[in-house]
$ cat final.cif   # mmCIF, C-alpha atoms
data_my_file
loop_
_atom_site.label_atom_id
_atom_site.label_comp_id
_atom_site.auth_asym_id
_atom_site.auth_seq_id
_atom_site.Cartn_x
_atom_site.Cartn_y
_atom_site.Cartn_z
CA GLY A 13 0.00 0.00 0.00
CA ALA A 14 0.93 3.65 -0.27
CA VAL A 15 3.14 5.03 2.47
CA VAL A 16 3.17 8.54 3.87
CA SER A 17 5.93 9.50 6.26
CA GLN A 18 5.58 12.44 8.63
CA HIS A 19 8.15 13.85 10.98
CA PRO A 20 8.90 14.82 13.58
CA SER A 21 6.49 12.54 15.44
CA TRP A 22 6.64 14.81 18.44
CA VAL A 23 8.19 18.15 19.15
CA ILE A 24 8.42 20.46 22.14
CA CYS A 25 9.24 24.09 21.56
CA LYS A 26 9.25 27.40 23.36
CA SER A 27 6.56 29.97 22.82
CA GLY A 28 7.42 32.32 19.97
CA THR A 29 9.50 29.87 17.99
CA SER A 30 8.59 28.24 14.67
CA VAL A 31 8.23 24.56 13.98
CA LYS A 32 8.31 22.78 10.63
CA ILE A 33 6.55 19.47 10.02
CA GLU A 34 7.32 17.44 6.91
CA CYS A 35 5.04 15.05 5.11
CA ARG A 36 6.40 12.79 2.37
CA SER A 37 4.72 10.29 0.11
CA LEU A 38 7.31 7.55 -0.22
CA ASP A 39 6.08 5.36 -3.04
CA PHE A 40 3.56 7.43 -4.96
CA GLN A 41 3.04 10.93 -6.25
CA ALA A 42 0.64 12.90 -4.11
CA THR A 43 -1.09 15.53 -6.17
CA THR A 44 -3.16 16.62 -3.21
CA MET A 45 -2.30 16.66 0.47
CA PHE A 46 -4.56 17.55 3.36
CA TRP A 47 -3.42 18.88 6.72
CA TYR A 48 -5.52 18.22 9.81
CA ARG A 49 -5.43 19.26 13.40
CA GLN A 50 -6.84 17.10 16.16
CA PHE A 51 -7.43 17.92 19.81
CA PRO A 52 -7.79 15.09 22.36
CA LYS A 53 -10.94 13.06 21.92
CA GLN A 54 -12.09 15.23 19.04
CA SER A 55 -12.40 14.81 15.32
CA LEU A 56 -9.92 15.71 12.61
CA MET A 57 -10.36 19.31 11.61
CA LEU A 58 -9.25 20.14 8.09
CA MET A 59 -6.81 23.03 8.13
CA ALA A 60 -5.86 23.29 4.50
CA THR A 61 -5.64 21.53 1.18
CA SER A 62 -2.38 21.76 -0.71
CA ASN A 63 -1.84 20.96 -4.34
CA GLU A 64 1.60 20.57 -5.82
CA GLY A 65 2.91 23.77 -7.31
CA SER A 66 0.09 26.01 -6.16
CA LYS A 67 -0.93 27.90 -3.06
CA ALA A 68 -2.71 26.03 -0.33
CA THR A 69 -6.42 26.50 0.21
CA TYR A 70 -7.11 27.23 3.85
CA GLU A 71 -10.28 26.49 5.73
CA GLN A 72 -12.21 29.30 7.29
CA GLY A 73 -10.72 30.34 10.59
CA VAL A 74 -7.24 29.01 9.87
CA GLU A 75 -4.61 31.75 9.80
CA LYS A 76 -2.58 31.55 6.60
CA ASP A 77 0.30 33.54 8.02
CA LYS A 78 0.52 31.37 11.09
CA PHE A 79 0.27 27.97 9.44
CA LEU A 80 2.45 28.11 6.35
CA ILE A 81 1.96 25.23 3.96
CA ASN A 82 4.25 24.49 1.07
CA HIS A 83 3.78 21.70 -1.47
CA ALA A 84 6.86 22.14 -3.60
CA SER A 85 6.95 18.66 -5.12
CA LEU A 86 4.69 15.69 -5.74
CA THR A 87 6.21 13.90 -2.76
CA LEU A 88 6.69 16.60 -0.14
CA SER A 89 4.46 19.02 1.72
CA THR A 90 5.46 21.00 4.79
CA LEU A 91 3.53 22.76 7.51
CA THR A 92 5.30 25.48 9.45
CA VAL A 93 3.72 26.75 12.64
CA THR A 94 5.11 30.24 13.03
CA SER A 95 5.47 32.05 16.34
CA ALA A 96 3.94 29.13 18.15
CA HIS A 97 1.93 29.64 21.32
CA PRO A 98 0.62 27.17 23.89
CA GLU A 99 -2.82 27.16 22.25
CA ASP A 100 -1.19 25.76 19.10
CA SER A 101 -0.32 22.59 21.00
CA SER A 102 -2.11 19.80 19.19
CA PHE A 103 -1.79 16.68 17.06
CA TYR A 104 -1.14 17.58 13.43
CA ILE A 105 -1.68 14.93 10.75
CA CYS A 106 -1.01 15.05 7.06
CA SER A 107 -2.62 12.85 4.47
CA ALA A 108 -2.26 12.30 0.78
CA ARG A 109 -4.52 11.23 -2.00
CA GLY A 110 -2.94 9.52 -4.94
CA SER A 111 -4.13 9.42 -8.49
CA GLN A 112 -6.40 6.44 -7.89
CA GLY A 113 -8.87 5.59 -5.20
CA ALA A 114 -10.82 8.75 -4.61
CA GLY A 115 -12.23 7.42 -1.37
CA GLU A 116 -9.00 6.61 0.44
CA LEU A 117 -6.50 8.87 2.13
CA PHE A 118 -3.07 7.71 3.19
CA PHE A 119 -2.05 9.23 6.51
CA GLY A 120 1.26 10.12 8.02
CA GLU A 121 2.00 9.06 11.57
CA GLY A 122 1.09 12.47 12.95
CA SER A 123 3.11 15.08 14.84
CA ARG A 124 2.35 15.97 18.42
CA LEU A 125 3.31 19.56 19.09
CA THR A 126 3.70 20.91 22.60
CA VAL A 127 4.41 24.60 22.99
CA LEU A 128 5.72 25.65 26.39
CA GLY B 4 -21.63 24.28 5.23
CA GLN B 5 -20.68 20.66 5.47
CA SER B 6 -21.31 18.42 8.42
CA LEU B 7 -21.20 14.73 9.19
CA GLU B 8 -22.82 13.74 12.46
CA GLN B 9 -22.13 10.57 14.43
CA PRO B 10 -23.06 9.30 17.88
CA SER B 11 -20.33 10.25 20.31
CA GLU B 12 -19.97 6.87 21.96
CA VAL B 13 -21.09 3.27 21.54
CA THR B 14 -20.49 0.37 23.90
CA ALA B 15 -20.82 -3.32 23.06
CA VAL B 16 -19.54 -6.68 24.28
CA GLU B 17 -17.06 -8.98 22.63
CA GLY B 18 -18.59 -11.07 19.87
CA ALA B 19 -21.50 -8.72 19.35
CA ILE B 20 -22.48 -6.68 16.30
CA VAL B 21 -22.48 -2.89 16.43
CA GLN B 22 -23.66 -0.26 13.96
CA ILE B 23 -22.21 3.24 13.83
CA ASN B 24 -24.39 5.75 12.00
CA CYS B 25 -23.42 8.81 10.05
CA THR B 26 -25.78 11.47 8.74
CA TYR B 27 -24.34 14.08 6.47
CA GLN B 28 -25.03 17.40 4.90
CA THR B 29 -22.51 18.26 2.22
CA SER B 30 -22.30 19.86 -1.17
CA GLY B 31 -20.71 18.04 -4.07
CA PHE B 32 -21.09 14.64 -2.43
CA TYR B 33 -19.10 11.82 -4.04
CA GLY B 34 -19.28 9.07 -1.46
CA LEU B 35 -18.63 8.10 2.13
CA SER B 36 -15.46 6.71 3.64
CA TRP B 37 -14.82 5.17 7.03
CA TYR B 38 -11.70 5.26 9.18
CA GLN B 39 -10.54 3.71 12.42
CA GLN B 40 -8.23 5.53 14.81
CA HIS B 41 -6.67 4.14 17.96
CA ASP B 42 -5.62 6.58 20.67
CA GLY B 43 -2.36 8.29 19.76
CA GLY B 44 -2.31 6.86 16.25
CA ALA B 45 -3.19 7.97 12.77
CA PRO B 46 -6.48 7.05 11.10
CA THR B 47 -6.54 3.93 8.97
CA PHE B 48 -8.87 3.46 6.04
CA LEU B 49 -11.65 0.89 6.39
CA SER B 50 -14.01 1.29 3.47
CA TYR B 51 -15.51 3.55 0.83
CA ASN B 52 -19.02 3.66 -0.58
CA GLY B 53 -19.15 5.46 -3.90
CA LEU B 54 -22.54 4.00 -4.71
CA ASP B 55 -25.62 3.27 -2.65
CA GLY B 56 -25.74 -0.10 -1.00
CA LEU B 57 -23.61 -2.36 1.10
CA GLU B 58 -19.86 -2.91 0.86
CA GLU B 59 -18.39 -5.83 2.79
CA THR B 60 -14.77 -6.21 3.85
CA GLY B 61 -14.25 -9.06 6.25
CA ARG B 62 -15.85 -8.28 9.61
CA PHE B 63 -16.62 -4.74 8.54
CA SER B 64 -19.43 -3.63 6.26
CA SER B 65 -20.47 -0.15 5.25
CA PHE B 66 -23.73 1.11 3.82
CA LEU B 67 -24.75 4.26 2.01
CA SER B 68 -28.12 5.75 1.13
CA ARG B 69 -27.80 8.99 -0.80
CA SER B 70 -31.52 9.65 -0.76
CA ASP B 71 -31.44 9.63 3.05
CA SER B 72 -28.03 11.34 3.37
CA TYR B 73 -27.12 8.50 5.65
CA GLY B 74 -24.59 5.77 6.02
CA TYR B 75 -23.39 3.31 8.61
CA LEU B 76 -20.47 1.11 9.51
CA LEU B 77 -21.29 -2.38 10.75
CA LEU B 78 -18.75 -4.27 12.82
CA GLN B 79 -19.36 -7.95 13.39
CA GLU B 80 -17.79 -10.43 15.81
CA LEU B 81 -16.43 -7.59 17.90
CA GLN B 82 -12.99 -8.01 19.38
CA MET B 83 -11.27 -6.07 22.13
CA LYS B 84 -8.88 -4.61 19.59
CA ASP B 85 -11.83 -2.94 17.86
CA SER B 86 -12.01 -0.45 20.74
CA ALA B 87 -11.14 2.78 18.95
CA SER B 88 -12.63 5.89 17.41
CA TYR B 89 -14.43 5.57 14.09
CA PHE B 90 -14.96 8.40 11.66
CA CYS B 91 -17.06 8.73 8.56
CA ALA B 92 -15.68 11.12 5.99
CA ALA B 93 -16.76 12.80 2.79
CA PRO B 94 -14.12 12.93 0.06
CA GLY B 95 -14.37 15.88 -2.26
CA THR B 96 -12.33 17.35 -5.06
CA TYR B 97 -10.86 20.08 -2.89
CA LYS B 98 -11.78 18.99 0.61
CA TYR B 99 -11.94 15.85 2.69
CA ILE B 100 -14.15 16.39 5.70
CA PHE B 101 -14.39 14.06 8.69
CA GLY B 102 -17.39 13.33 10.84
CA THR B 103 -17.67 14.08 14.53
CA GLY B 104 -16.40 10.60 15.43
CA THR B 105 -17.68 7.71 17.52
CA ARG B 106 -15.71 6.12 20.34
CA LEU B 107 -16.39 2.41 20.46
CA LYS B 108 -15.79 0.56 23.70
CA VAL B 109 -15.73 -3.20 23.53
CA LEU B 110 -16.29 -4.93 26.84
CA ALA B 111 -15.10 -8.41 27.72
#
$ encode --input "final.cif" --output "structure tokens"
Amino acid sequence: GAVVSQHPSWVICKSGTSVKIECRSLDFQATTMFWYRQFPKQSLMLMATSNEGSKATYEQGVEKDKFLINHASLTLSTLTVTSAHPEDSSFYICSARGSQGAGELFFGEGSRLTVL
Amino acid sequence: GQSLEQPSEVTAVEGAIVQINCTYQTSGFYGLSWYQQHDGGAPTFLSYNGLDGLEETGRFSSFLSRSDSYGYLLLQELQMKDSASYFCAAPGTYKYIFGTGTRLKVLA
């Protein structure tokens, strides 16, 4: 099956610093990647949709300047949380949809961010 | 807006059958997917219904009725390892929205 690798799996940072999370599709070309945020015992909230070579489409309420998403190649998308604050602490998960199988997303392992 | 509503929690005993419902309100609906997520892990794909009717994959089955904007996931012969959160989801061209989620507790 298709594999998506995400790292770091967990990160602790100080308030005001920036954190970059990488999401790679290892054995397929991901034309579209979705970034989600998940709080404990809650659902996955779509943050943005990124398409290779174009600007990401952000969901309402998600700050574009705070959550920078770059999808520079068909195998790599990055999420940078800029000037992180404690309220940004969460579980961030990327997923990719390949060229086939419209119904299935392939997920990375997730990144747990803790901002002190 | 788009929304997919699920019961928050379901409890059942080992060996039983449980049904997790999902009612949705979306635009540009293509089909309904289901995912399982254990605590601390990433979601894993279970099934996809692109057409109305029943899809069976081992112990899991999923059903879709577009006319009722409704679907369900059926889990048979429940095992302790099935204790997890289950999400329905609506794939779209530019979005992929998840339901509110159902925590399934399987009791011995």
$ interface_residues --input "final.cif" --of "chain A" --to "chain B" --cutoff "12 Å" --atoms "only C-alpha atoms" --output "PyMOL selection string"
chain A and resi 13-18+21-22+43-63+68-72+102-109+111+113-124
$ atom_distance --input "final.cif" --atom1 "atom CA of A:Ser89" --atom2 "atom CA of A:Glu64"
8.2 Å
$ atom_distance --input "final.cif" --atom1 "atom CA of B:Ala87" --atom2 "atom CA of B:Ser72"
24.5 Å
$ atom_distance --input "final.cif" --atom1 "atom CA of B:Gln39" --atom2 "atom CA of B:Leu107"
10.0 Å
$ resolve_selection --input "final.cif" --expression "the PyMOL selection byres ((chain B and resi 56-65) around 6)" --output "PDB file with C-alpha atoms, in the frame of the given file"
ATOM      1  CA  ASP B  55     -25.620   3.270  -2.650  1.00  0.00           C
ATOM      2  CA  PHE B  66     -23.730   1.110   3.820  1.00  0.00           C
ATOM      3  CA  LEU B  67     -24.750   4.260   2.010  1.00  0.00           C
ATOM      4  CA  TYR B  75     -23.390   3.310   8.610  1.00  0.00           C
ATOM      5  CA  LEU B  76     -20.470   1.110   9.510  1.00  0.00           C
ATOM      6  CA  LEU B  77     -21.290  -2.380  10.750  1.00  0.00           C
ATOM      7  CA  LEU B  78     -18.750  -4.270  12.820  1.00  0.00           C
ATOM      8  CA  GLN B  79     -19.360  -7.950  13.390  1.00  0.00           C
TER       9      GLN B  79
END
$ closest_residue --input "final.cif" --among "B:Cys91, B:Leu54, B:Leu81, B:Ile23" --to "B:Pro10" --atoms "only C-alpha atoms"
B:Ile23
$ residues_near_point --input "final.cif" --point "(2.7, 12.7, -5.2)" --cutoff "6 Å" --atoms "only C-alpha atoms" --output "PDB file with C-alpha atoms, in the frame of the given file"
ATOM      1  CA  PHE A  40       3.560   7.430  -4.960  1.00  0.00           C
ATOM      2  CA  GLN A  41       3.040  10.930  -6.250  1.00  0.00           C
ATOM      3  CA  ALA A  42       0.640  12.900  -4.110  1.00  0.00           C
ATOM      4  CA  THR A  43      -1.090  15.530  -6.170  1.00  0.00           C
ATOM      5  CA  LEU A  86       4.690  15.690  -5.740  1.00  0.00           C
ATOM      6  CA  THR A  87       6.210  13.900  -2.760  1.00  0.00           C
TER       7      THR A  87
END
$ closest_residue --input "final.cif" --among "B:Val13, B:Arg69, B:His41, B:Gly74" --to "B:Cys25" --atoms "only C-alpha atoms"
B:Gly74
$ residues_around --input "final.cif" --residues "A:Pro98" --least-positions-apart "3" --cutoff "8 Å" --atoms "all atoms listed in the file" --output "number ranges by chain"
A: 27, 101, 126-128
$ resolve_selection --input "final.cif" --expression "the PyMOL selection byres ((chain B and resi 7) around 6)" --output "list of chain:residue names"
B:Ser6, B:Glu8, B:Thr26, B:Tyr27, B:Gly102
$ closest_residue --input "final.cif" --among "A:Leu125, A:Leu91, A:Ala84, A:Ala96" --to "A:Glu34" --atoms "all atoms listed in the file"
A:Leu91
$ decode --input "final.cif" --residues "stretch 16-50 of chain A" --atoms "N, CA, C and O atoms" --output "JSON list (two decimals), in the first residue's frame"
[["chain", "number", "residue", "atom", "x", "y", "z"],
["A", 16, "VAL", "N", 2.92, 7.12, 3.61],
["A", 16, "VAL", "CA", 3.17, 8.54, 3.87],
["A", 16, "VAL", "C", 3.96, 8.64, 5.16],
["A", 16, "VAL", "O", 3.59, 8.05, 6.18],
["A", 17, "SER", "N", 5.06, 9.35, 5.09],
["A", 17, "SER", "CA", 5.93, 9.50, 6.26],
["A", 17, "SER", "C", 5.85, 10.93, 6.76],
["A", 17, "SER", "O", 5.97, 11.88, 5.96],
["A", 18, "GLN", "N", 5.69, 11.10, 8.04],
["A", 18, "GLN", "CA", 5.58, 12.44, 8.63],
["A", 18, "GLN", "C", 6.56, 12.54, 9.79],
["A", 18, "GLN", "O", 6.67, 11.63, 10.61],
["A", 19, "HIS", "N", 7.26, 13.63, 9.84],
["A", 19, "HIS", "CA", 8.15, 13.85, 10.98],
["A", 19, "HIS", "C", 8.37, 15.32, 11.25],
["A", 19, "HIS", "O", 8.20, 16.14, 10.33],
["A", 20, "PRO", "N", 8.66, 15.71, 12.45],
["A", 20, "PRO", "CA", 8.90, 14.82, 13.58],
["A", 20, "PRO", "C", 7.61, 14.25, 14.14],
["A", 20, "PRO", "O", 6.54, 14.80, 13.93],
["A", 21, "SER", "N", 7.69, 13.13, 14.85],
["A", 21, "SER", "CA", 6.49, 12.54, 15.44],
["A", 21, "SER", "C", 6.07, 13.31, 16.69],
["A", 21, "SER", "O", 4.88, 13.29, 17.05],
["A", 22, "TRP", "N", 7.01, 13.91, 17.34],
["A", 22, "TRP", "CA", 6.64, 14.81, 18.44],
["A", 22, "TRP", "C", 7.71, 15.88, 18.57],
["A", 22, "TRP", "O", 8.88, 15.67, 18.27],
["A", 23, "VAL", "N", 7.27, 17.03, 19.00],
["A", 23, "VAL", "CA", 8.19, 18.15, 19.15],
["A", 23, "VAL", "C", 7.71, 19.05, 20.29],
["A", 23, "VAL", "O", 6.52, 19.28, 20.44],
["A", 24, "ILE", "N", 8.67, 19.51, 21.06],
["A", 24, "ILE", "CA", 8.42, 20.46, 22.14],
["A", 24, "ILE", "C", 9.20, 21.71, 21.82],
["A", 24, "ILE", "O", 10.40, 21.64, 21.51],
["A", 25, "CYS", "N", 8.53, 22.84, 21.87],
["A", 25, "CYS", "CA", 9.24, 24.09, 21.56],
["A", 25, "CYS", "C", 8.80, 25.19, 22.52],
["A", 25, "CYS", "O", 7.79, 25.07, 23.22],
["A", 26, "LYS", "N", 9.57, 26.25, 22.52],
["A", 26, "LYS", "CA", 9.25, 27.40, 23.36],
["A", 26, "LYS", "C", 8.29, 28.31, 22.64],
["A", 26, "LYS", "O", 8.29, 28.41, 21.39],
["A", 27, "SER", "N", 7.50, 29.01, 23.38],
["A", 27, "SER", "CA", 6.56, 29.97, 22.82],
["A", 27, "SER", "C", 7.31, 31.02, 22.01],
["A", 27, "SER", "O", 8.36, 31.52, 22.44],
["A", 28, "GLY", "N", 6.80, 31.32, 20.83],
["A", 28, "GLY", "CA", 7.42, 32.32, 19.97],
["A", 28, "GLY", "C", 8.32, 31.75, 18.89],
["A", 28, "GLY", "O", 8.69, 32.47, 17.95],
["A", 29, "THR", "N", 8.66, 30.49, 19.00],
["A", 29, "THR", "CA", 9.50, 29.87, 17.99],
["A", 29, "THR", "C", 8.64, 29.26, 16.89],
["A", 29, "THR", "O", 7.42, 29.15, 17.02],
["A", 30, "SER", "N", 9.29, 28.86, 15.80],
["A", 30, "SER", "CA", 8.59, 28.24, 14.67],
["A", 30, "SER", "C", 8.96, 26.77, 14.56],
["A", 30, "SER", "O", 10.09, 26.38, 14.87],
["A", 31, "VAL", "N", 8.03, 26.00, 14.11],
["A", 31, "VAL", "CA", 8.23, 24.56, 13.98],
["A", 31, "VAL", "C", 7.80, 24.11, 12.59],
["A", 31, "VAL", "O", 6.73, 24.49, 12.12],
["A", 32, "LYS", "N", 8.63, 23.30, 11.95],
["A", 32, "LYS", "CA", 8.31, 22.78, 10.63],
["A", 32, "LYS", "C", 8.02, 21.29, 10.71],
["A", 32, "LYS", "O", 8.79, 20.53, 11.29],
["A", 33, "ILE", "N", 6.94, 20.88, 10.09],
["A", 33, "ILE", "CA", 6.55, 19.47, 10.02],
["A", 33, "ILE", "C", 6.56, 19.05, 8.56],
["A", 33, "ILE", "O", 5.99, 19.74, 7.71],
["A", 34, "GLU", "N", 7.22, 17.93, 8.29],
["A", 34, "GLU", "CA", 7.32, 17.44, 6.91],
["A", 34, "GLU", "C", 6.44, 16.22, 6.68],
["A", 34, "GLU", "O", 6.29, 15.37, 7.56],
["A", 35, "CYS", "N", 5.90, 16.16, 5.50],
["A", 35, "CYS", "CA", 5.04, 15.05, 5.11],
["A", 35, "CYS", "C", 5.48, 14.58, 3.73],
["A", 35, "CYS", "O", 5.45, 15.35, 2.77],
["A", 36, "ARG", "N", 5.89, 13.33, 3.63],
["A", 36, "ARG", "CA", 6.40, 12.79, 2.37],
["A", 36, "ARG", "C", 5.61, 11.56, 1.94],
["A", 36, "ARG", "O", 5.33, 10.67, 2.74],
["A", 37, "SER", "N", 5.27, 11.51, 0.67],
["A", 37, "SER", "CA", 4.72, 10.29, 0.11],
["A", 37, "SER", "C", 5.90, 9.50, -0.44],
["A", 37, "SER", "O", 6.64, 9.98, -1.29],
["A", 38, "LEU", "N", 6.09, 8.29, 0.07],
["A", 38, "LEU", "CA", 7.31, 7.55, -0.22],
["A", 38, "LEU", "C", 7.27, 6.74, -1.50],
["A", 38, "LEU", "O", 8.31, 6.52, -2.13],
["A", 39, "ASP", "N", 6.12, 6.26, -1.89],
["A", 39, "ASP", "CA", 6.08, 5.36, -3.04],
["A", 39, "ASP", "C", 5.00, 5.73, -4.04],
["A", 39, "ASP", "O", 4.61, 4.92, -4.88],
["A", 40, "PHE", "N", 4.52, 6.97, -3.97],
["A", 40, "PHE", "CA", 3.56, 7.43, -4.96],
["A", 40, "PHE", "C", 3.62, 8.94, -5.03],
["A", 40, "PHE", "O", 4.16, 9.59, -4.14],
["A", 41, "GLN", "N", 3.06, 9.49, -6.08],
["A", 41, "GLN", "CA", 3.04, 10.93, -6.25],
["A", 41, "GLN", "C", 1.72, 11.48, -5.72],
["A", 41, "GLN", "O", 0.65, 11.08, -6.19],
["A", 42, "ALA", "N", 1.82, 12.35, -4.76],
["A", 42, "ALA", "CA", 0.64, 12.90, -4.11],
["A", 42, "ALA", "C", 0.30, 14.26, -4.72],
["A", 42, "ALA", "O", 0.94, 15.26, -4.40],
["A", 43, "THR", "N", -0.70, 14.26, -5.56],
["A", 43, "THR", "CA", -1.09, 15.53, -6.17],
["A", 43, "THR", "C", -1.77, 16.44, -5.17],
["A", 43, "THR", "O", -1.70, 17.66, -5.28],
["A", 44, "THR", "N", -2.45, 15.85, -4.22],
["A", 44, "THR", "CA", -3.16, 16.62, -3.21],
["A", 44, "THR", "C", -2.82, 16.10, -1.83],
["A", 44, "THR", "O", -2.80, 14.89, -1.61],
["A", 45, "MET", "N", -2.54, 17.02, -0.93],
["A", 45, "MET", "CA", -2.30, 16.66, 0.47],
["A", 45, "MET", "C", -3.23, 17.49, 1.35],
["A", 45, "MET", "O", -3.49, 18.66, 1.06],
["A", 46, "PHE", "N", -3.69, 16.86, 2.40],
["A", 46, "PHE", "CA", -4.56, 17.55, 3.36],
["A", 46, "PHE", "C", -3.86, 17.60, 4.71],
["A", 46, "PHE", "O", -3.26, 16.61, 5.15],
["A", 47, "TRP", "N", -3.97, 18.73, 5.38],
["A", 47, "TRP", "CA", -3.42, 18.88, 6.72],
["A", 47, "TRP", "C", -4.57, 19.02, 7.72],
["A", 47, "TRP", "O", -5.49, 19.83, 7.51],
["A", 48, "TYR", "N", -4.49, 18.22, 8.78],
["A", 48, "TYR", "CA", -5.52, 18.22, 9.81],
["A", 48, "TYR", "C", -4.91, 18.55, 11.17],
["A", 48, "TYR", "O", -3.75, 18.31, 11.42],
["A", 49, "ARG", "N", -5.79, 19.02, 12.03],
["A", 49, "ARG", "CA", -5.43, 19.26, 13.40],
["A", 49, "ARG", "C", -6.44, 18.51, 14.26],
["A", 49, "ARG", "O", -7.64, 18.49, 13.95],
["A", 50, "GLN", "N", -5.94, 17.89, 15.32],
["A", 50, "GLN", "CA", -6.84, 17.10, 16.16],
["A", 50, "GLN", "C", -6.54, 17.34, 17.62],
["A", 50, "GLN", "O", -5.41, 17.11, 18.08]]
